[in-house]
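Source file model-v1.txt; content: compact mmCIF, C-alpha atoms.
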# COMPACT_ATOMS: atom_id res chain seq x y z
CA MET A 273 22.80 -22.81 9.44
CA LYS A 274 22.00 -22.50 13.11
CA PHE A 275 18.45 -21.36 13.83
CA THR A 276 15.89 -20.87 16.58
CA LYS A 277 12.22 -21.71 16.10
CA MET A 278 10.02 -19.14 17.90
CA HIS A 279 6.38 -18.15 17.84
CA GLY A 280 4.12 -15.29 18.89
CA ILE A 281 0.76 -16.90 19.72
CA GLY A 282 1.22 -19.49 16.98
CA ASN A 283 2.67 -17.19 14.29
CA ASP A 284 5.89 -19.21 13.95
CA TYR A 285 9.10 -18.27 12.18
CA ILE A 286 12.63 -19.58 11.90
CA TYR A 287 15.01 -17.00 13.41
CA VAL A 288 18.66 -16.68 12.43
CA ASN A 289 21.25 -14.67 14.36
CA CYS A 290 23.05 -12.81 11.56
CA PHE A 291 25.63 -11.49 14.00
CA GLU A 292 27.01 -15.04 13.63
CA GLU A 293 25.48 -16.45 10.44
CA HIS A 294 25.51 -15.18 6.84
CA ILE A 295 22.58 -16.07 4.56
CA GLU A 296 23.38 -15.78 0.83
CA ASN A 297 19.85 -16.14 -0.56
CA PRO A 298 17.24 -15.60 2.16
CA GLU A 299 14.34 -15.84 -0.32
CA LYS A 300 15.22 -19.41 -1.27
CA VAL A 301 16.21 -20.32 2.29
CA SER A 302 12.83 -19.14 3.55
CA ILE A 303 10.99 -21.39 1.09
CA LYS A 304 13.12 -24.38 2.12
CA VAL A 305 13.01 -24.01 5.89
CA SER A 306 9.33 -22.96 6.06
CA ASP A 307 8.12 -26.22 4.50
CA ARG A 308 6.35 -28.14 7.25
CA HIS A 309 7.06 -31.53 5.63
CA PHE A 310 10.57 -31.13 4.24
CA GLY A 311 11.99 -28.25 6.30
CA VAL A 312 11.82 -26.90 9.82
CA GLY A 313 8.25 -25.68 9.38
CA GLY A 314 7.04 -22.12 9.87
CA ASP A 315 5.36 -19.05 8.43
CA GLY A 316 8.69 -17.75 7.16
CA LEU A 317 12.28 -16.77 7.94
CA VAL A 318 13.41 -13.87 10.15
CA LEU A 319 16.94 -12.49 10.16
CA ILE A 320 18.23 -10.70 13.27
CA MET A 321 20.87 -8.27 12.03
CA PRO A 322 23.12 -5.37 13.09
CA SER A 323 21.77 -1.87 12.47
CA ASP A 324 23.39 1.55 12.21
CA LYS A 325 20.04 3.21 12.98
CA ALA A 326 18.67 1.15 15.90
CA ASP A 327 19.70 -1.49 18.40
CA PHE A 328 18.86 -4.28 15.95
CA ARG A 329 17.52 -4.78 12.43
CA MET A 330 14.90 -7.24 11.19
CA ARG A 331 14.41 -8.73 7.75
CA MET A 332 11.51 -11.12 7.40
CA PHE A 333 10.54 -13.41 4.52
CA ASN A 334 7.24 -15.16 3.99
CA ALA A 335 6.90 -18.87 3.33
CA ASP A 336 6.78 -18.20 -0.43
CA GLY A 337 10.08 -16.31 -0.31
CA SER A 338 8.64 -12.81 -0.66
CA GLU A 339 10.06 -10.21 1.71
CA GLY A 340 7.65 -8.58 4.15
CA MET A 341 7.72 -5.00 5.35
CA MET A 342 6.82 -5.64 8.98
CA CYS A 343 5.69 -8.39 11.34
CA GLY A 344 4.45 -7.60 14.83
CA ASN A 345 4.76 -11.12 16.21
CA ALA A 346 8.28 -11.45 14.80
CA SER A 347 9.23 -8.12 16.39
CA ARG A 348 8.24 -9.42 19.82
CA CYS A 349 10.16 -12.65 19.26
CA ILE A 350 13.27 -10.69 18.31
CA GLY A 351 12.94 -8.73 21.54
CA LYS A 352 12.88 -11.99 23.46
CA TYR A 353 15.73 -13.52 21.46
CA VAL A 354 18.20 -10.66 21.87
CA TYR A 355 17.54 -10.41 25.63
CA ASP A 356 17.46 -14.13 26.41
CA ASN A 357 20.63 -14.76 24.38
CA GLY A 358 22.63 -11.90 25.87
CA LEU A 359 22.78 -9.65 22.81
CA THR A 360 21.45 -6.86 25.05
CA ASP A 361 20.69 -6.27 28.71
CA LYS A 362 18.28 -3.41 27.98
CA THR A 363 14.53 -3.74 28.43
CA ASP A 364 13.79 -0.81 26.11
CA ILE A 365 15.16 -1.42 22.64
CA THR A 366 14.69 -0.19 19.09
CA LEU A 367 14.26 -2.34 16.00
CA GLU A 368 14.88 -1.26 12.41
CA THR A 369 12.31 -2.69 9.97
CA LYS A 370 11.44 -1.98 6.35
CA SER A 371 8.51 0.07 7.64
CA GLY A 372 10.56 2.16 10.05
CA ILE A 373 12.08 1.94 13.52
CA LYS A 374 9.89 0.35 16.20
CA LYS A 375 10.25 0.85 19.95
CA MET A 376 9.83 -2.16 22.23
CA HIS A 377 9.59 -2.68 25.97
CA LEU A 378 10.41 -6.11 27.39
CA HIS A 379 8.64 -7.55 30.44
CA ILE A 380 11.10 -9.86 32.23
CA GLU A 381 10.03 -12.93 34.19
CA ASN A 382 12.54 -15.31 35.82
CA GLY A 383 15.40 -13.71 33.91
CA LYS A 384 13.81 -14.03 30.47
CA ALA A 385 11.59 -11.83 28.30
CA ALA A 386 8.01 -13.10 28.53
CA PHE A 387 5.85 -10.28 27.15
CA VAL A 388 6.79 -7.48 24.79
CA ASP A 389 5.10 -4.13 24.15
CA VAL A 390 5.67 -2.75 20.65
CA ASP A 391 4.92 0.78 19.54
CA MET A 392 3.77 -0.10 16.03
CA GLY A 393 3.67 3.52 14.89
CA GLU A 394 0.78 5.35 13.29
CA ALA A 395 -1.93 3.61 11.33
CA VAL A 396 -1.93 4.73 7.69
CA LEU A 397 -5.37 5.29 6.19
CA LYS A 398 -4.64 7.08 2.91
CA PRO A 399 -5.22 4.59 0.07
CA ALA A 400 -2.26 5.81 -2.00
CA GLU A 401 0.06 5.00 0.91
CA ILE A 402 -1.45 1.59 1.79
CA PRO A 403 -1.17 1.16 -1.29
CA MET A 404 -4.49 0.86 -3.14
CA ASN A 405 -5.70 1.68 -6.62
CA TYR A 406 -8.27 4.10 -5.22
CA ASP A 407 -8.35 7.89 -5.36
CA ASP A 408 -9.80 9.23 -2.11
CA ASP A 409 -8.72 10.15 1.43
CA THR A 410 -9.72 6.85 3.10
CA PHE A 411 -11.26 3.47 2.36
CA ILE A 412 -13.44 2.93 5.44
CA SER A 413 -16.46 0.62 5.24
CA LYS A 414 -16.55 0.50 1.46
CA PRO A 415 -17.47 -2.39 -0.86
CA ILE A 416 -15.24 -4.55 -3.02
CA THR A 417 -16.32 -7.56 -5.06
CA VAL A 418 -14.50 -10.84 -4.50
CA ASP A 419 -15.44 -13.92 -6.53
CA GLY A 420 -18.75 -12.31 -7.42
CA LYS A 421 -19.70 -11.45 -3.82
CA GLU A 422 -19.69 -7.96 -2.30
CA TRP A 423 -17.76 -7.48 0.93
CA ILE A 424 -17.48 -4.32 3.04
CA ILE A 425 -13.88 -3.67 4.04
CA THR A 426 -11.77 -1.06 5.79
CA ALA A 427 -8.22 -0.63 4.49
CA VAL A 428 -5.35 0.11 6.89
CA SER A 429 -1.59 -0.04 6.61
CA MET A 430 0.55 -0.90 9.62
CA GLY A 431 3.70 -0.82 7.50
CA ASN A 432 2.03 -3.46 5.31
CA PRO A 433 -1.43 -3.44 3.68
CA HIS A 434 -4.52 -4.86 5.39
CA ALA A 435 -8.15 -5.30 4.40
CA VAL A 436 -10.39 -5.74 7.46
CA LEU A 437 -13.95 -6.98 7.21
CA PHE A 438 -16.51 -7.55 9.95
CA THR A 439 -18.79 -10.55 9.73
CA ASP A 440 -20.43 -13.30 11.81
CA ASN A 441 -19.41 -16.94 12.25
CA ILE A 442 -15.85 -16.51 11.07
CA ASP A 443 -15.01 -20.09 12.06
CA GLU A 444 -17.25 -21.26 9.23
CA LEU A 445 -15.47 -19.23 6.53
CA ASP A 446 -13.56 -21.24 3.91
CA LEU A 447 -10.39 -19.15 3.91
CA GLU A 448 -8.50 -21.63 1.74
CA ASN A 449 -10.84 -20.77 -1.13
CA ILE A 450 -11.58 -17.08 -0.57
CA GLY A 451 -8.25 -16.01 0.93
CA PRO A 452 -6.23 -16.00 -2.31
CA SER A 453 -8.92 -13.95 -4.08
CA PHE A 454 -8.72 -11.27 -1.39
CA GLU A 455 -4.91 -11.39 -1.35
CA ASN A 456 -4.68 -10.83 -5.11
CA HIS A 457 -7.56 -8.39 -5.56
CA PRO A 458 -6.60 -5.83 -8.23
CA ILE A 459 -7.42 -2.87 -5.96
CA PHE A 460 -4.29 -3.83 -3.96
CA PRO A 461 -1.29 -3.58 -6.31
CA GLU A 462 1.12 -5.18 -3.81
CA ARG A 463 -1.37 -7.82 -2.61
CA VAL A 464 -2.98 -7.58 0.82
CA ASN A 465 -3.36 -9.30 4.19
CA THR A 466 -7.02 -9.90 5.01
CA GLU A 467 -8.56 -9.98 8.48
CA PHE A 468 -11.98 -11.56 9.08
CA CYS A 469 -13.32 -10.16 12.35
CA GLU A 470 -16.25 -11.05 14.59
CA ILE A 471 -17.36 -8.52 17.22
CA ILE A 472 -17.67 -10.02 20.71
CA ASP A 473 -18.11 -6.78 22.68
CA LYS A 474 -16.69 -3.24 22.91
CA THR A 475 -13.27 -4.49 24.07
CA THR A 476 -13.09 -7.98 22.57
CA LEU A 477 -12.72 -9.05 18.95
CA LYS A 478 -12.26 -12.49 17.39
CA MET A 479 -10.15 -12.67 14.25
CA ARG A 480 -8.84 -14.96 11.53
CA VAL A 481 -6.19 -13.82 9.09
CA TRP A 482 -5.08 -14.66 5.57
CA GLU A 483 -1.53 -13.38 5.13
CA ARG A 484 -0.10 -12.55 1.73
CA GLY A 485 2.61 -15.03 0.89
CA SER A 486 1.81 -17.41 3.75
CA GLY A 487 -1.91 -18.24 3.67
CA GLU A 488 -3.91 -18.56 6.88
CA THR A 489 -1.70 -18.16 9.94
CA TRP A 490 -2.55 -18.62 13.60
CA ALA A 491 -1.79 -15.00 14.37
CA CYS A 492 -0.71 -11.73 12.78
CA GLY A 493 0.47 -8.81 14.92
CA THR A 494 0.10 -6.11 12.27
CA GLY A 495 -3.25 -7.65 11.33
CA ALA A 496 -4.47 -7.46 14.92
CA CYS A 497 -3.40 -3.81 15.03
CA ALA A 498 -5.15 -3.04 11.74
CA THR A 499 -8.29 -4.79 12.96
CA ALA A 500 -8.37 -2.80 16.20
CA VAL A 501 -7.95 0.43 14.21
CA ALA A 502 -10.72 -0.57 11.81
CA ALA A 503 -13.00 -1.48 14.73
CA VAL A 504 -12.52 1.98 16.22
CA LEU A 505 -13.06 3.70 12.86
CA ASN A 506 -16.30 1.75 12.38
CA GLY A 507 -17.59 2.54 15.88
CA TYR A 508 -17.31 -0.94 17.35
CA CYS A 509 -14.57 -0.02 19.85
CA ASN A 510 -13.08 3.12 21.41
CA ARG A 511 -9.71 4.84 21.19
CA ASN A 512 -7.37 4.84 24.20
CA THR A 513 -8.98 1.59 25.38
CA GLU A 514 -7.18 -1.76 25.40
CA ILE A 515 -8.84 -4.15 22.96
CA THR A 516 -8.30 -7.90 23.24
CA LEU A 517 -7.86 -9.63 19.87
CA LYS A 518 -8.61 -13.34 20.10
CA LEU A 519 -6.70 -15.14 17.35
CA ARG A 520 -6.36 -18.84 16.67
CA GLY A 521 -3.01 -18.97 18.46
CA GLY A 522 -3.92 -16.82 21.47
CA ASP A 523 -4.64 -13.23 22.51
CA LEU A 524 -3.03 -9.89 21.71
CA ARG A 525 -3.85 -6.60 23.45
CA ILE A 526 -4.04 -3.54 21.21
CA THR A 527 -4.59 0.14 22.03
CA TYR A 528 -5.34 2.70 19.31
CA ARG A 529 -4.34 6.02 20.81
CA SER A 530 -5.76 9.46 20.05
CA ASN A 531 -2.46 10.50 18.46
CA GLY A 532 -2.88 7.75 15.86
CA ARG A 533 -0.22 5.43 17.27
CA VAL A 534 -0.96 1.77 17.87
CA ILE A 535 0.47 -0.16 20.84
CA MET A 536 0.59 -3.96 20.79
CA CYS A 537 1.30 -6.23 23.77
CA GLY A 538 1.69 -9.99 23.63
CA PRO A 539 3.84 -13.01 24.47
CA ALA A 540 6.82 -14.47 22.66
CA GLU A 541 8.09 -18.02 23.07
CA THR A 542 11.10 -20.10 22.04
CA VAL A 543 10.23 -23.57 20.73
CA PHE A 544 13.61 -25.13 19.95
CA THR A 545 17.03 -24.53 18.42
CA GLY A 546 18.81 -26.55 15.76
CA GLU A 547 20.93 -26.68 12.62
CA ILE A 548 19.90 -27.29 9.02
CA ASP A 549 21.87 -27.70 5.79
CA VAL A 550 20.75 -24.91 3.40
Could you show the structure in this file as structure tokens?
Amino acid sequence: MKFTKMHGIGNDYIYVNCFEEHIENPEKVSIKVSDRHFGVGGDGLVLIMPSDKADFRMRMFNADGSEGMMCGNASRCIGKYVYDNGLTDKTDITLETKSGIKKMHLHIENGKAAFVDVDMGEAVLKPAEIPMNYDDDTFISKPITVDGKEWIITAVSMGNPHAVLFTDNIDELDLENIGPSFENHPIFPERVNTEFCEIIDKTTLKMRVWERGSGETWACGTGACATAVAAVLNGYCNRNTEITLKLRGGDLRITYRSNGRVIMCGPAETVFTGEIDV
């Protein structure tokens, strides 16, 4: 199997061009290639596929083999891949995902895509649609108990479920221990991605993320979007204002518009290409 290793601010996946390759069992392949000791190493596997609804289609699988609904960093990397490898010459493209069709704009530098804007769609706040086992209109700044400790979270879906909490000294948090308990909390029937956010100022947030199926990753595009939305809903930031999310792998710029749509801008980079026997 030919592949390309790419990353969006450290959120790294193995990308396969399914216009040329056919993957029989992507769940098992993702587990194999994601292993950082015995495989290529990454947060999962991303398939770039033909679409009858958009310019391209994405399927993404986490490191544990589970299929994800959406990945913002992977979307940007696909934008770079299809342009840099001549699958399109357009700078405005559409991408079919399991959470709908996303619109992307590519910023070209020296003949290659360097930055990508993604219209991530509208933030979903209704618990039943996130989904959550909770009967109300929203879950904004409400408590849940994790390992005997109460945490205040805001729940947002960006095509996949997120629990955002605001706290101090996030670098000192032991995510390896608390992350799985958040991920598998019974209030989230399909598990959840959890963002731990520290407020820097009205336009700057610092964030760590525990992703369902992958553990702590260096970045999460949908998580950054969910965090920006939660920050606005909790009064820390403003709508229609670009918010810089500082993640372990780098920065993303997020705008939560008045119409409910979320715009993400960030880089995408190719690391290397290769072949592996799967």
Grab the CA of Val312 (chain A) to CA of Gly337 (chain A) distance for me, in Å with one decimal place.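 Computing the Euclidean distance for CA of Val312 (chain A) and CA of Gly337 (chain A) yields 14.8 Å.
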Give me the residues of region 459-530 of chain A that have any atom at most 7 Å from an atom of region 422-440 of chain A; for each, the nearest atom pair and the distance in Å, rounded to one decimal. Use all atoms listed in the file, sort by chain and number, and format it as JSON lines.
{"residue": "A:Val464", "atom": "CA", "partner": "A:Pro433", "partner_atom": "CA", "distance": 5.3}
{"residue": "A:Asn465", "atom": "CA", "partner": "A:His434", "partner_atom": "CA", "distance": 4.7}
{"residue": "A:Thr466", "atom": "CA", "partner": "A:Ala435", "partner_atom": "CA", "distance": 4.8}
{"residue": "A:Glu467", "atom": "CA", "partner": "A:Val436", "partner_atom": "CA", "distance": 4.7}
{"residue": "A:Phe468", "atom": "CA", "partner": "A:Leu437", "partner_atom": "CA", "distance": 5.3}
{"residue": "A:Cys469", "atom": "CA", "partner": "A:Phe438", "partner_atom": "CA", "distance": 4.8}
{"residue": "A:Glu470", "atom": "CA", "partner": "A:Asp440", "partner_atom": "CA", "distance": 5.5}
{"residue": "A:Thr494", "atom": "CA", "partner": "A:Met430", "partner_atom": "CA", "distance": 5.9}
{"residue": "A:Gly495", "atom": "CA", "partner": "A:His434", "partner_atom": "CA", "distance": 6.7}
{"residue": "A:Ala498", "atom": "CA", "partner": "A:Val428", "partner_atom": "CA", "distance": 5.8}
{"residue": "A:Thr499", "atom": "CA", "partner": "A:Val436", "partner_atom": "CA", "distance": 6.0}
{"residue": "A:Ala502", "atom": "CA", "partner": "A:Thr426", "partner_atom": "CA", "distance": 6.1}
Please measure the separation of CA of Thr363 (chain A) and CA of Cys343 (chain A), giving the value in Å to one decimal.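 Going from CA of Thr363 (chain A) over to CA of Cys343 (chain A), I get 19.8 Å.
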Got a sec: who's within 10 Å of Asp356 (chain A), counting only C-alpha atoms, leaving out chain neighbours fewer than 3 positions off, as a CSV table (one decimal) with C-alpha atoms, keeping the file's coordinate frame?
chain,number,residue,atom,x,y,z
A,350,ILE,CA,13.3,-10.7,18.3
A,351,GLY,CA,12.9,-8.7,21.5
A,352,LYS,CA,12.9,-12.0,23.5
A,353,TYR,CA,15.7,-13.5,21.5
A,359,LEU,CA,22.8,-9.6,22.8
A,360,THR,CA,21.4,-6.9,25.0
A,361,ASP,CA,20.7,-6.3,28.7
A,380,ILE,CA,11.1,-9.9,32.2
A,383,GLY,CA,15.4,-13.7,33.9
A,384,LYS,CA,13.8,-14.0,30.5
A,385,ALA,CA,11.6,-11.8,28.3
A,386,ALA,CA,8.0,-13.1,28.5
A,542,THR,CA,11.1,-20.1,22.0
Separation of CA of Asp364 (chain A) from CA of Met330 (chain A) in Å: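 Between CA of Met330 (chain A) and CA of Asp364 (chain A) the gap is 16.3 Å.
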Choose the residue, out of A:Glu514, A:Thr410, A:Ser347, A:Glu444, that has the smallest atom-to-atom separation from Val390 (chain A); count all atoms listed in the file.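 Nearest candidate to Val390 (chain A) out of A:Glu514, A:Thr410, A:Ser347, A:Glu444: A:Ser347.
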Residues at most 12 Å from region 281-283 of chain A, counting all atoms listed in the file, excluding those fewer than 6 positions away in the same chain, as a VMD selection string? chain A and resid 313 to 318 334 to 335 343 to 349 387 481 to 483 486 to 496 517 to 525 537 to 543
What does the file look like for those residues with C-alpha atoms, as a PDB file, in the frame of the given file?
ATOM      1  CA  GLY A 313       8.250 -25.680   9.380  1.00  0.00           C
ATOM      2  CA  GLY A 314       7.040 -22.120   9.870  1.00  0.00           C
ATOM      3  CA  ASP A 315       5.360 -19.050   8.430  1.00  0.00           C
ATOM      4  CA  GLY A 316       8.690 -17.750   7.160  1.00  0.00           C
ATOM      5  CA  LEU A 317      12.280 -16.770   7.940  1.00  0.00           C
ATOM      6  CA  VAL A 318      13.410 -13.870  10.150  1.00  0.00           C
ATOM      7  CA  ASN A 334       7.240 -15.160   3.990  1.00  0.00           C
ATOM      8  CA  ALA A 335       6.900 -18.870   3.330  1.00  0.00           C
ATOM      9  CA  CYS A 343       5.690  -8.390  11.340  1.00  0.00           C
ATOM     10  CA  GLY A 344       4.450  -7.600  14.830  1.00  0.00           C
ATOM     11  CA  ASN A 345       4.760 -11.120  16.210  1.00  0.00           C
ATOM     12  CA  ALA A 346       8.280 -11.450  14.800  1.00  0.00           C
ATOM     13  CA  SER A 347       9.230  -8.120  16.390  1.00  0.00           C
ATOM     14  CA  ARG A 348       8.240  -9.420  19.820  1.00  0.00           C
ATOM     15  CA  CYS A 349      10.160 -12.650  19.260  1.00  0.00           C
ATOM     16  CA  PHE A 387       5.850 -10.280  27.150  1.00  0.00           C
ATOM     17  CA  VAL A 481      -6.190 -13.820   9.090  1.00  0.00           C
ATOM     18  CA  TRP A 482      -5.080 -14.660   5.570  1.00  0.00           C
ATOM     19  CA  GLU A 483      -1.530 -13.380   5.130  1.00  0.00           C
ATOM     20  CA  SER A 486       1.810 -17.410   3.750  1.00  0.00           C
ATOM     21  CA  GLY A 487      -1.910 -18.240   3.670  1.00  0.00           C
ATOM     22  CA  GLU A 488      -3.910 -18.560   6.880  1.00  0.00           C
ATOM     23  CA  THR A 489      -1.700 -18.160   9.940  1.00  0.00           C
ATOM     24  CA  TRP A 490      -2.550 -18.620  13.600  1.00  0.00           C
ATOM     25  CA  ALA A 491      -1.790 -15.000  14.370  1.00  0.00           C
ATOM     26  CA  CYS A 492      -0.710 -11.730  12.780  1.00  0.00           C
ATOM     27  CA  GLY A 493       0.470  -8.810  14.920  1.00  0.00           C
ATOM     28  CA  THR A 494       0.100  -6.110  12.270  1.00  0.00           C
ATOM     29  CA  GLY A 495      -3.250  -7.650  11.330  1.00  0.00           C
ATOM     30  CA  ALA A 496      -4.470  -7.460  14.920  1.00  0.00           C
ATOM     31  CA  LEU A 517      -7.860  -9.630  19.870  1.00  0.00           C
ATOM     32  CA  LYS A 518      -8.610 -13.340  20.100  1.00  0.00           C
ATOM     33  CA  LEU A 519      -6.700 -15.140  17.350  1.00  0.00           C
ATOM     34  CA  ARG A 520      -6.360 -18.840  16.670  1.00  0.00           C
ATOM     35  CA  GLY A 521      -3.010 -18.970  18.460  1.00  0.00           C
ATOM     36  CA  GLY A 522      -3.920 -16.820  21.470  1.00  0.00           C
ATOM     37  CA  ASP A 523      -4.640 -13.230  22.510  1.00  0.00           C
ATOM     38  CA  LEU A 524      -3.030  -9.890  21.710  1.00  0.00           C
ATOM     39  CA  ARG A 525      -3.850  -6.600  23.450  1.00  0.00           C
ATOM     40  CA  CYS A 537       1.300  -6.230  23.770  1.00  0.00           C
ATOM     41  CA  GLY A 538       1.690  -9.990  23.630  1.00  0.00           C
ATOM     42  CA  PRO A 539       3.840 -13.010  24.470  1.00  0.00           C
ATOM     43  CA  ALA A 540       6.820 -14.470  22.660  1.00  0.00           C
ATOM     44  CA  GLU A 541       8.090 -18.020  23.070  1.00  0.00           C
ATOM     45  CA  THR A 542      11.100 -20.100  22.040  1.00  0.00           C
ATOM     46  CA  VAL A 543      10.230 -23.570  20.730  1.00  0.00           C
TER      47      VAL A 543
END
Neighbours of region 526-536 of chain A within 6 Å (only C-alpha atoms; same-chain residues fewer than 4 positions away dropped), as a ChimeraX atom specification? /A:389-394,511-515
Using all atoms listed in the file, which residue out of A:Lys374, A:Lys304, A:Lys362, A:Lys421 lies closest to Ala326 (chain A)? A:Lys374
